[in-house]
$ cat final_11.txt   # compact mmCIF, C-alpha atoms
# COMPACT_ATOMS: atom_id res chain seq x y z
CA MET A 774 -11.24 22.24 9.39
CA ARG A 775 -11.15 22.81 13.16
CA PRO A 776 -10.93 19.72 15.41
CA ARG A 777 -14.45 20.13 16.84
CA MET A 778 -15.95 20.76 13.42
CA TRP A 779 -14.08 17.73 12.01
CA TRP A 780 -15.43 15.47 14.72
CA TYR A 781 -18.93 16.90 14.40
CA ALA A 782 -18.88 16.08 10.69
CA GLY A 783 -17.56 12.58 11.42
CA VAL A 784 -20.12 11.80 14.08
CA THR A 785 -22.91 13.19 11.90
CA GLY A 786 -21.78 10.92 9.09
CA PHE A 787 -21.79 7.86 11.35
CA ALA A 788 -25.24 8.81 12.58
CA ALA A 789 -26.52 9.05 9.01
CA ILE A 790 -25.16 5.60 8.24
CA GLY A 791 -26.69 4.23 11.42
CA ALA A 792 -30.11 5.59 10.43
CA LEU A 793 -30.04 3.35 7.35
CA LEU A 794 -29.33 0.16 9.32
CA PRO A 795 -32.00 -2.09 10.88
CA ALA A 796 -32.90 -0.88 14.37
CA ARG A 797 -31.60 -2.86 17.33
CA ALA A 798 -32.11 -2.11 20.98
CA ASP A 799 -28.41 -2.59 21.76
CA ALA A 800 -26.99 -0.98 18.59
CA GLN A 801 -24.99 2.20 18.99
CA VAL A 802 -22.22 4.20 17.36
CA GLU A 803 -19.75 5.99 19.58
CA VAL A 804 -16.61 7.79 18.47
CA ARG A 805 -14.08 9.09 20.96
CA SER A 806 -10.49 10.13 20.41
CA ARG A 807 -7.88 12.56 21.67
CA ALA A 808 -6.61 13.02 18.11
CA ILE A 809 -7.40 16.24 16.29
CA GLN A 810 -7.61 14.41 12.95
CA ILE A 811 -8.04 10.81 11.79
CA ASN A 812 -8.01 10.05 8.07
CA LEU A 813 -9.39 6.63 7.11
CA THR A 814 -8.49 5.33 3.66
CA GLY A 815 -8.42 1.95 1.99
CA ARG A 816 -7.45 0.00 -1.09
CA LEU A 817 -8.67 -3.20 -2.73
CA HIS A 818 -6.66 -4.77 -5.54
CA ALA A 819 -8.28 -7.78 -7.23
CA GLN A 820 -6.10 -9.68 -9.71
CA PHE A 821 -6.37 -12.28 -12.43
CA ASN A 822 -3.13 -13.85 -13.62
CA HIS A 823 -2.10 -16.53 -16.11
CA THR A 824 1.22 -18.37 -16.32
CA SER A 825 2.80 -20.27 -19.18
CA VAL A 826 4.75 -22.59 -16.84
CA ALA A 827 3.83 -26.25 -17.32
CA GLY A 828 2.59 -28.02 -14.21
CA GLU A 829 1.19 -24.83 -12.69
CA PRO A 830 -2.51 -23.95 -12.61
CA GLY A 831 -2.95 -21.99 -15.81
CA SER A 832 -4.86 -19.12 -14.27
CA GLU A 833 -6.10 -17.84 -10.92
CA PHE A 834 -8.07 -15.05 -9.31
CA LEU A 835 -6.88 -13.54 -6.03
CA ILE A 836 -7.33 -10.58 -3.73
CA ARG A 837 -3.85 -9.11 -4.01
CA ARG A 838 -4.37 -6.39 -1.39
CA ALA A 839 -7.21 -5.39 0.92
CA ARG A 840 -6.04 -2.68 3.30
CA PHE A 841 -7.54 -0.14 5.63
CA THR A 842 -5.30 2.73 6.73
CA ALA A 843 -5.75 5.01 9.71
CA ASP A 844 -3.55 8.11 9.64
CA VAL A 845 -3.76 9.79 13.04
CA ARG A 846 -2.59 13.30 13.93
CA ILE A 847 -2.50 14.08 17.64
CA ASN A 848 -0.97 17.52 17.09
CA ASP A 849 1.65 19.15 14.87
CA PHE A 850 4.34 17.13 16.65
CA VAL A 851 2.86 13.61 17.09
CA SER A 852 1.25 11.53 14.36
CA GLY A 853 1.13 7.91 13.27
CA ARG A 854 -0.31 5.23 11.03
CA VAL A 855 -1.81 1.76 11.37
CA GLN A 856 -2.38 -0.32 8.22
CA PRO A 857 -3.55 -3.96 8.34
CA ASP A 858 -3.78 -6.02 5.15
CA TYR A 859 -6.29 -8.83 4.49
CA GLY A 860 -5.06 -9.81 1.02
CA GLU A 861 -4.15 -13.27 -0.31
CA GLY A 862 -6.02 -15.07 2.47
CA GLU A 863 -3.84 -13.76 5.28
CA ILE A 864 -4.04 -11.03 7.89
CA THR A 865 -0.78 -9.10 8.22
CA LEU A 866 0.31 -5.73 9.48
CA LYS A 867 1.92 -3.37 6.98
CA ASP A 868 2.67 0.13 8.32
CA ALA A 869 2.47 0.65 12.09
CA TYR A 870 4.41 3.59 13.47
CA VAL A 871 4.54 6.77 15.53
CA ARG A 872 6.14 9.88 13.97
CA LEU A 873 7.60 12.86 15.82
CA ALA A 874 7.97 15.92 13.57
CA PHE A 875 10.53 18.18 15.25
CA THR A 876 10.98 20.25 12.08
CA PRO A 877 10.48 19.53 8.34
CA ALA A 878 14.22 18.83 8.27
CA PHE A 879 14.14 16.35 11.16
CA ARG A 880 11.47 13.73 11.78
CA ALA A 881 11.73 10.54 13.83
CA THR A 882 9.60 7.50 13.04
CA VAL A 883 9.42 4.49 15.37
CA GLY A 884 7.69 1.22 14.49
CA GLN A 885 7.22 -0.72 11.25
CA PHE A 886 7.80 1.13 7.99
CA LYS A 887 9.46 0.86 4.58
CA ARG A 888 13.24 1.02 4.65
CA PRO A 889 14.46 4.05 2.64
CA PHE A 890 16.15 2.23 -0.22
CA ASP A 891 14.95 2.19 -3.86
CA ILE A 892 12.31 4.27 -5.61
CA PHE A 893 10.32 1.28 -6.86
CA GLU A 894 9.65 0.00 -3.34
CA LEU A 895 9.01 3.47 -1.92
CA THR A 896 6.29 4.13 -4.51
CA SER A 897 2.89 3.25 -3.02
CA SER A 898 1.10 0.15 -4.32
CA THR A 899 -1.74 2.50 -5.30
CA GLN A 900 0.61 4.26 -7.73
CA ILE A 901 3.27 1.78 -8.88
CA LEU A 902 3.58 1.95 -12.64
CA VAL A 903 3.36 -1.82 -13.20
CA VAL A 904 1.01 -4.39 -11.70
CA GLU A 905 3.75 -6.24 -9.79
CA ARG A 906 7.03 -4.67 -8.67
CA ALA A 907 8.96 -7.94 -8.97
CA GLY A 908 7.08 -9.02 -12.10
CA GLY A 909 7.02 -12.65 -11.03
CA VAL A 910 6.02 -15.49 -13.34
CA ARG A 911 4.22 -18.08 -11.23
CA GLY A 912 6.15 -21.37 -11.30
CA VAL A 913 9.56 -19.90 -12.17
CA ASP A 914 12.05 -20.26 -9.30
CA THR A 915 15.48 -20.17 -10.92
CA CYS A 916 17.23 -17.04 -9.57
CA SER A 917 20.08 -18.10 -7.28
CA GLY A 918 19.49 -16.74 -3.79
CA PRO A 919 16.19 -14.84 -3.82
CA GLY A 920 14.41 -17.36 -6.08
CA GLY A 921 11.74 -16.48 -8.61
CA ILE A 922 13.04 -14.47 -11.56
CA CYS A 923 16.06 -12.16 -11.37
CA SER A 924 14.22 -8.84 -11.41
CA PHE A 925 15.23 -5.63 -9.62
CA SER A 926 12.60 -5.72 -6.87
CA ARG A 927 13.02 -9.46 -6.35
CA PHE A 928 16.62 -8.80 -5.27
CA THR A 929 15.95 -5.79 -3.05
CA GLU A 930 12.90 -7.31 -1.32
CA LYS A 931 14.07 -10.89 -0.77
CA LEU A 932 17.60 -9.85 0.23
CA GLN A 933 16.01 -7.51 2.83
CA TYR A 934 17.52 -4.27 1.56
CA SER A 935 14.08 -2.77 0.91
CA ASP A 936 10.47 -3.36 2.00
CA ARG A 937 9.17 -3.08 5.57
CA ASP A 938 11.09 -3.67 8.79
CA ILE A 939 10.85 -2.70 12.46
CA GLY A 940 13.06 0.01 13.94
CA VAL A 941 13.75 3.75 13.85
CA LEU A 942 13.77 6.09 10.85
CA ILE A 943 15.18 9.62 10.73
CA ASP A 944 14.29 11.68 7.68
CA GLY A 945 13.68 15.20 6.47
CA GLN A 946 13.78 17.79 3.72
CA LEU A 947 16.45 20.48 3.95
CA PRO A 948 14.89 23.98 4.04
CA SER A 949 17.59 25.74 2.04
CA ALA A 950 18.12 23.17 -0.72
CA PRO A 951 16.03 20.66 -2.75
CA VAL A 952 17.63 17.79 -0.81
CA GLY A 953 15.93 15.01 1.12
CA TYR A 954 17.51 12.37 3.32
CA ALA A 955 16.45 9.26 5.23
CA VAL A 956 18.39 6.91 7.53
CA SER A 957 16.99 3.86 9.33
CA VAL A 958 18.16 1.34 11.92
CA THR A 959 16.07 -1.85 11.92
CA ASN A 960 16.05 -5.46 13.07
CA GLY A 961 16.75 -6.70 9.56
CA THR A 962 14.29 -9.61 9.70
CA GLY A 963 11.39 -7.88 7.93
CA ALA A 964 7.81 -7.04 8.82
CA ASN A 965 6.07 -8.74 11.74
CA THR A 966 9.17 -10.81 12.57
CA ALA A 967 11.23 -10.89 15.75
CA ASP A 968 14.95 -10.18 15.56
CA GLU A 969 17.13 -13.27 15.19
CA ASN A 970 20.43 -11.92 16.46
CA GLY A 971 22.00 -8.96 18.22
CA GLY A 972 22.94 -7.20 14.99
CA LYS A 973 21.04 -4.43 13.25
CA SER A 974 20.51 -3.38 9.65
CA TYR A 975 21.18 0.13 8.38
CA THR A 976 19.69 1.87 5.35
CA GLY A 977 20.31 5.34 3.93
CA ARG A 978 18.96 7.37 1.04
CA LEU A 979 19.82 10.84 -0.28
CA SER A 980 17.71 12.51 -2.98
CA VAL A 981 18.21 15.74 -4.92
CA GLU A 982 15.75 17.52 -7.19
CA ALA A 983 18.24 18.39 -9.93
CA THR A 984 15.69 20.49 -11.80
CA ASP A 985 11.94 20.80 -11.97
CA GLY A 986 10.52 17.31 -12.50
CA ILE A 987 13.85 15.44 -12.27
CA VAL A 988 14.95 13.76 -9.03
CA LEU A 989 18.23 11.88 -8.53
CA ALA A 990 18.88 9.62 -5.54
CA ALA A 991 21.58 7.37 -4.09
CA ASN A 992 21.04 4.63 -1.53
CA VAL A 993 22.99 2.14 0.56
CA GLY A 994 21.98 -0.79 2.74
CA LEU A 995 23.83 -2.86 5.34
CA HIS A 996 21.94 -6.03 6.22
CA ASP A 997 22.85 -8.32 9.12
CA TYR A 998 22.28 -12.05 8.59
CA LEU A 999 23.15 -15.35 10.21
CA ASP A 1000 25.82 -17.55 8.62
CA GLY A 1001 25.74 -20.59 10.81
CA ALA A 1002 26.27 -19.37 14.36
CA SER A 1003 27.91 -16.07 13.40
CA THR A 1004 26.35 -12.74 12.41
CA GLU A 1005 27.60 -11.27 9.14
CA THR A 1006 26.86 -8.05 7.27
CA ALA A 1007 25.89 -7.81 3.60
CA VAL A 1008 26.20 -4.51 1.73
CA ALA A 1009 24.27 -3.17 -1.26
CA PHE A 1010 24.27 0.21 -2.95
CA GLY A 1011 22.48 1.83 -5.83
CA GLY A 1012 20.93 4.88 -7.37
CA ASP A 1013 17.78 5.88 -9.18
CA LEU A 1014 16.25 8.58 -11.34
CA GLU A 1015 12.71 9.86 -11.69
CA ILE A 1016 11.49 12.12 -14.48
CA GLY A 1017 7.94 13.46 -14.40
CA ASP A 1018 5.14 12.58 -12.02
CA PHE A 1019 1.86 10.67 -11.73
CA ASN A 1020 -0.33 13.45 -13.17
CA GLU A 1021 0.10 13.32 -16.94
CA GLY A 1022 2.66 13.06 -19.70
CA LEU A 1023 6.02 11.27 -19.62
CA HIS A 1024 6.98 9.46 -16.42
CA VAL A 1025 10.28 7.58 -16.04
CA GLN A 1026 11.59 5.59 -13.09
CA ALA A 1027 15.02 3.97 -13.50
CA GLY A 1028 17.42 2.41 -11.05
CA PHE A 1029 20.60 0.38 -10.54
CA VAL A 1030 21.63 -1.78 -7.58
CA SER A 1031 24.53 -4.08 -6.76
CA GLY A 1032 25.80 -5.82 -3.67
CA ASP A 1033 26.02 -9.00 -1.63
CA ASN A 1034 23.62 -11.81 -2.48
CA TRP A 1035 23.79 -13.23 1.04
CA GLN A 1036 21.25 -15.93 0.24
CA ASN A 1037 23.69 -17.37 -2.31
CA LEU A 1038 26.68 -18.24 -0.13
CA GLY A 1039 29.86 -19.90 -1.34
CA ALA A 1040 33.18 -20.81 0.23
CA SER A 1041 34.29 -17.16 0.07
CA GLY A 1042 30.99 -15.69 1.25
CA PRO A 1043 28.03 -14.23 -0.64
CA SER A 1044 28.04 -13.81 -4.38
CA THR A 1045 27.78 -10.34 -5.93
CA PHE A 1046 24.49 -9.50 -7.65
CA MET A 1047 23.68 -6.68 -10.05
CA SER A 1048 20.38 -5.42 -11.39
CA ALA A 1049 19.05 -2.50 -13.41
CA GLN A 1050 15.51 -1.50 -14.27
CA GLY A 1051 13.67 1.15 -16.19
CA ILE A 1052 9.93 1.86 -16.41
CA VAL A 1053 8.50 4.37 -18.90
CA THR A 1054 4.88 5.50 -19.13
CA PHE A 1055 2.98 8.27 -20.89
CA LYS A 1056 -0.32 9.28 -19.31
CA VAL A 1057 -2.82 10.88 -21.69
CA PRO A 1058 -5.93 12.61 -20.25
CA VAL A 1059 -9.25 11.75 -21.90
CA GLN A 1060 -11.56 14.70 -22.34
CA ASP A 1061 -15.33 14.69 -21.95
CA ASN A 1062 -15.65 11.03 -20.98
CA ARG A 1063 -17.82 10.15 -17.99
CA PHE A 1064 -16.04 6.82 -17.38
CA VAL A 1065 -12.35 7.21 -18.28
CA ALA A 1066 -10.09 10.02 -17.05
CA ALA A 1067 -6.85 8.95 -18.74
CA VAL A 1068 -5.06 6.13 -20.53
CA GLU A 1069 -1.42 5.19 -19.96
CA PRO A 1070 0.79 2.79 -21.96
CA VAL A 1071 3.53 1.19 -19.84
CA GLY A 1072 6.87 -0.44 -20.64
CA ARG A 1073 9.45 -2.01 -18.32
CA VAL A 1074 12.84 -3.64 -18.83
CA SER A 1075 14.53 -5.26 -15.82
CA TRP A 1076 17.86 -7.09 -15.95
CA GLY A 1077 19.34 -9.12 -13.12
CA ASP A 1078 22.44 -11.23 -12.46
CA PRO A 1079 22.54 -13.16 -9.14
CA ASP A 1080 26.26 -13.99 -9.36
CA THR A 1081 28.62 -11.87 -11.47
CA ASP A 1082 31.27 -14.63 -11.32
CA VAL A 1083 29.00 -17.18 -13.02
CA SER A 1084 28.12 -17.13 -16.71
CA ASP A 1085 24.65 -17.56 -18.21
CA ASP A 1086 22.67 -17.15 -14.97
CA GLU A 1087 21.21 -13.70 -15.64
CA GLY A 1088 18.02 -12.75 -17.42
CA LEU A 1089 15.75 -10.02 -18.76
CA LEU A 1090 12.18 -9.16 -17.78
CA PHE A 1091 10.05 -7.32 -20.34
CA THR A 1092 6.71 -5.82 -19.30
CA PRO A 1093 4.49 -4.20 -21.90
CA GLY A 1094 1.24 -2.97 -20.43
CA PHE A 1095 -1.64 -0.56 -20.38
CA VAL A 1096 -3.54 1.30 -17.67
CA VAL A 1097 -7.02 2.81 -17.84
CA HIS A 1098 -7.60 5.47 -15.17
CA PHE A 1099 -11.13 6.13 -13.94
CA VAL A 1100 -10.89 8.73 -11.17
CA GLY A 1101 -8.11 9.39 -8.66
CA ARG A 1102 -6.21 6.17 -8.05
CA ASN A 1103 -9.06 3.96 -9.22
CA LYS A 1104 -8.01 2.14 -12.38
CA ILE A 1105 -7.41 -1.14 -14.17
CA GLY A 1106 -3.96 -2.33 -15.25
CA ILE A 1107 -3.00 -4.99 -17.79
CA ASN A 1108 0.58 -6.33 -17.91
CA ALA A 1109 2.40 -9.11 -19.74
CA ASP A 1110 5.53 -10.09 -17.78
CA ILE A 1111 7.91 -11.91 -20.14
CA TRP A 1112 10.96 -13.58 -18.55
CA SER A 1113 13.87 -14.32 -20.89
CA PRO A 1114 16.82 -16.05 -19.13
CA SER A 1115 20.25 -16.33 -20.71
CA ALA A 1116 19.94 -20.11 -20.39
CA GLY A 1117 16.68 -22.01 -20.42
CA ASP A 1118 13.21 -21.37 -21.73
CA SER A 1119 11.37 -18.08 -21.72
CA GLU A 1120 8.09 -17.91 -19.79
CA PHE A 1121 5.40 -15.29 -19.44
CA SER A 1122 2.56 -14.20 -17.19
CA LEU A 1123 -0.51 -12.13 -18.05
CA LYS A 1124 -1.86 -10.01 -15.19
CA VAL A 1125 -5.05 -7.96 -15.00
CA GLN A 1126 -5.65 -5.99 -11.81
CA THR A 1127 -8.40 -3.65 -10.67
CA TYR A 1128 -7.61 -0.89 -8.19
CA LEU A 1129 -10.19 0.53 -5.78
CA HIS A 1130 -8.93 3.42 -3.65
CA PHE A 1131 -10.99 5.42 -1.19
$ encode --input "final_11.txt" --output "C-alpha cells"
Amino acid sequence: MRPRMWWYAGVTGFAAIGALLPARADAQVEVRSRAIQINLTGRLHAQFNHTSVAGEPGSEFLIRRARFTADVRINDFVSGRVQPDYGEGEITLKDAYVRLAFTPAFRATVGQFKRPFDIFELTSSTQILVVERAGGVRGVDTCSGPGGICSFSRFTEKLQYSDRDIGVLIDGQLPSAPVGYAVSVTNGTGANTADENGGKSYTGRLSVEATDGIVLAANVGLHDYLDGASTETAVAFGGDLEIGDFNEGLHVQAGFVSGDNWQNLGASGPSTFMSAQGIVTFKVPVQDNRFVAAVEPVGRVSWGDPDTDVSDDEGLLFTPGFVVHFVGRNKIGINADIWSPSAGDSEFSLKVQTYLHF
C-alpha cells in the first residue's frame, strides 16, 4: 500500500473509533508522522501457575507479558522498533532500536535488542514452544551461580550471554549461500541498565540452512564482569539445531552450551557450566472447527550442570505439555515443569497461559 493510502486508511480508522466515543468539546484525534509505515502490534500473556514447594504460595495468577510494539519504517534504509512491557506489575522497555539496512547482507542495529546467542532466546515469546523458556519452579533456588533450577535458558539469561542488552548489532543473510550471521558489541549489563565498567561484551552467531527445513547454528559469547575492582571476561560457546517450523507437523529445537559460570567464582576463577536442551512438538491442524485451528503436544528435556568439577549438583527438567491454537498466535498452553536434581527432592510446577496476539 502506498504511504498516502496507508495513512488515509489509518486516519479513517481512528476517525471511526472516535465516532463511537462520547463527544467532548476538547476531544480530538491527530496522527502525524514522517514514517511511510508504522505497524502497531501487541501481546497479552495471562498465566496461572502452581508450585509443589513447601512454604510458597501454592498458586498464583499473573500478567506475564503485556506489550505494545511499534515497528516504524522511515524508508528502505531506516527503520526501528519501540516495545514497552507492562507485565508482572512493572513497566520496562524491551526492544528499542534503530536499524540501517545497507543491503540484505549487511544491517546495523543500534539500541536495545536481543544478543544473537541461542535459538531458544531468539524465538519470540509469541512462538516459544513451552510456556517458560527457563521452566522455573517457584521456590527452587539451588543452581550454583544463576540460581533457580539448572535449565538451559536459566544459564544463558542469568549469566548474560543471551537476552537483551544495549549496544550495536551487525547482521545479515549472504545472497549466494543459505548462511546468516550476527555479531554484537554491548555493555554487558542487560536491558535498561547502565554500564558498570569500561569493558564490553561480544556475541556472535552463524547459522546455515543445511537442507530445506533444517538449520544448524554455532554461537559464542564473551561477557565482561566485575571481580572485585578488576574487569574479567567470561566465555561461553554452543550450538543448536532446528528441524521444521511453526506451521504444522514435527518441530524440533535442540541446543548445547558450555562456558564460564562467572556468578560461581572460586579461588581459580569461575566454574565451568554445561547444559543441553531439546524441545519436540507435533502440530496437527484441526479441520472444520470454528474455535480450534490446531493442537500441539509438547515435550522438553533440559539438563544442566553449574560446576563440572563438583559431583551431584546437576539436574534434569522435564516438561510435558499441550497447546491449543485458535487463530494466528492466539492460543492456550499447558505445561508441567518437573525438576529432578541429582541430589535433593524433585519439585514441579503446573503452568497454564493464554496468549493474545494482535
$ closest_residue --input "final_11.txt" --among "A:Val1008, A:Ile1016, A:Ala827, A:Val958" --to "Gly986 of chain A" --atoms "all atoms listed in the file"
A:Ile1016
$ closest_residue --input "final_11.txt" --among "A:Ala1040, A:Leu902, A:Leu866, A:Val956" --to "Ile1107 of chain A" --atoms "all atoms listed in the file"
A:Leu902
$ residues_around --input "final_11.txt" --residues "Lys887 of chain A" --least-positions-apart "5" --cutoff "10 Å" --atoms "all atoms listed in the file" --output "JSON, numbers by chain"
{"A": [867, 868, 894, 895, 935, 936, 937, 938, 939, 942, 957, 963, 964]}
$ closest_residue --input "final_11.txt" --among "A:Leu1089, A:Val1097, A:Ala955, A:Val1083" --to "Ser917 of chain A" --atoms "all atoms listed in the file"
A:Val1083
$ atom_distance --input "final_11.txt" --atom1 "atom CA of Val1074 of chain A" --atom2 "atom CA of Glu1015 of chain A"
15.3 Å
$ closest_atom_pairs --input "final_11.txt" --of "segment 1025-1073 of chain A" --to "segment 905-913 of chain A" --cutoff "12 Å" --atoms "only C-alpha atoms" --output "Markdown table"
| residue | atom | partner | partner_atom | distance |
| --- | --- | --- | --- | --- |
| A:Ser1048 | CA | A:Ala907 | CA | 11.9 |
| A:Gln1050 | CA | A:Ala907 | CA | 10.6 |
| A:Gly1051 | CA | A:Arg906 | CA | 11.6 |
| A:Ile1052 | CA | A:Arg906 | CA | 10.5 |
| A:Arg1073 | CA | A:Gly908 | CA | 9.7 |
$ residues_around --input "final_11.txt" --residues "segment 818-820 of chain A" --least-positions-apart "6" --cutoff "12 Å" --atoms "all atoms listed in the file" --output "number ranges by chain"
A: 832-840, 858-861, 898-900, 904-905, 1102-1108, 1123-1131
$ write_last_selection --input "final_11.txt" --atoms "C-alpha atoms" --output "compact mmCIF listing (two decimals), in the frame of the given file"
# COMPACT_ATOMS: atom_id res chain seq x y z
CA SER A 832 -4.86 -19.12 -14.27
CA GLU A 833 -6.10 -17.84 -10.92
CA PHE A 834 -8.07 -15.05 -9.31
CA LEU A 835 -6.88 -13.54 -6.03
CA ILE A 836 -7.33 -10.58 -3.73
CA ARG A 837 -3.85 -9.11 -4.01
CA ARG A 838 -4.37 -6.39 -1.39
CA ALA A 839 -7.21 -5.39 0.92
CA ARG A 840 -6.04 -2.68 3.30
CA ASP A 858 -3.78 -6.02 5.15
CA TYR A 859 -6.29 -8.83 4.49
CA GLY A 860 -5.06 -9.81 1.02
CA GLU A 861 -4.15 -13.27 -0.31
CA SER A 898 1.10 0.15 -4.32
CA THR A 899 -1.74 2.50 -5.30
CA GLN A 900 0.61 4.26 -7.73
CA VAL A 904 1.01 -4.39 -11.70
CA GLU A 905 3.75 -6.24 -9.79
CA ARG A 1102 -6.21 6.17 -8.05
CA ASN A 1103 -9.06 3.96 -9.22
CA LYS A 1104 -8.01 2.14 -12.38
CA ILE A 1105 -7.41 -1.14 -14.17
CA GLY A 1106 -3.96 -2.33 -15.25
CA ILE A 1107 -3.00 -4.99 -17.79
CA ASN A 1108 0.58 -6.33 -17.91
CA LEU A 1123 -0.51 -12.13 -18.05
CA LYS A 1124 -1.86 -10.01 -15.19
CA VAL A 1125 -5.05 -7.96 -15.00
CA GLN A 1126 -5.65 -5.99 -11.81
CA THR A 1127 -8.40 -3.65 -10.67
CA TYR A 1128 -7.61 -0.89 -8.19
CA LEU A 1129 -10.19 0.53 -5.78
CA HIS A 1130 -8.93 3.42 -3.65
CA PHE A 1131 -10.99 5.42 -1.19
$ closest_residue --input "final_11.txt" --among "A:Thr962, A:Gln856, A:Asn822, A:Asn848" --to "Leu873 of chain A" --atoms "all atoms listed in the file"
A:Asn848
$ atom_distance --input "final_11.txt" --atom1 "atom CA of Gly972 of chain A" --atom2 "atom CA of Cys923 of chain A"
27.7 Å
$ closest_residue --input "final_11.txt" --among "A:Asp914, A:Thr896, A:Glu1087, A:Asp1033" --to "Val826 of chain A" --atoms "all atoms listed in the file"
A:Asp914
$ closest_residue --input "final_11.txt" --among "A:Thr976, A:Thr824, A:Asn1020, A:Asn965" --to "Phe890 of chain A" --atoms "only C-alpha atoms"
A:Thr976
$ residues_around --input "final_11.txt" --residues "Val871 of chain A" --least-positions-apart "2" --cutoff "6 Å" --atoms "only C-alpha atoms" --output "VMD selection string"
chain A and resid 852 to 853 882 to 883
$ atom_distance --input "final_11.txt" --atom1 "atom CA of Leu1038 of chain A" --atom2 "atom CA of Gly918 of chain A"
8.2 Å
$ residues_around --input "final_11.txt" --residues "Ser974 of chain A" --least-positions-apart "2" --cutoff "8 Å" --atoms "only C-alpha atoms" --output "PyMOL selection string"
chain A and resi 958-961+972+976+994-997
$ axis_aligned_box --input "final_11.txt" --around "segment 981-993 of chain A" --padding-each-side "6 Å" --output "lines of an AutoDock Vina configuration file"
center_x = 16.8
center_y = 11.5
center_z = -6.0
size_x = 24.5
size_y = 30.7
size_z = 25.1
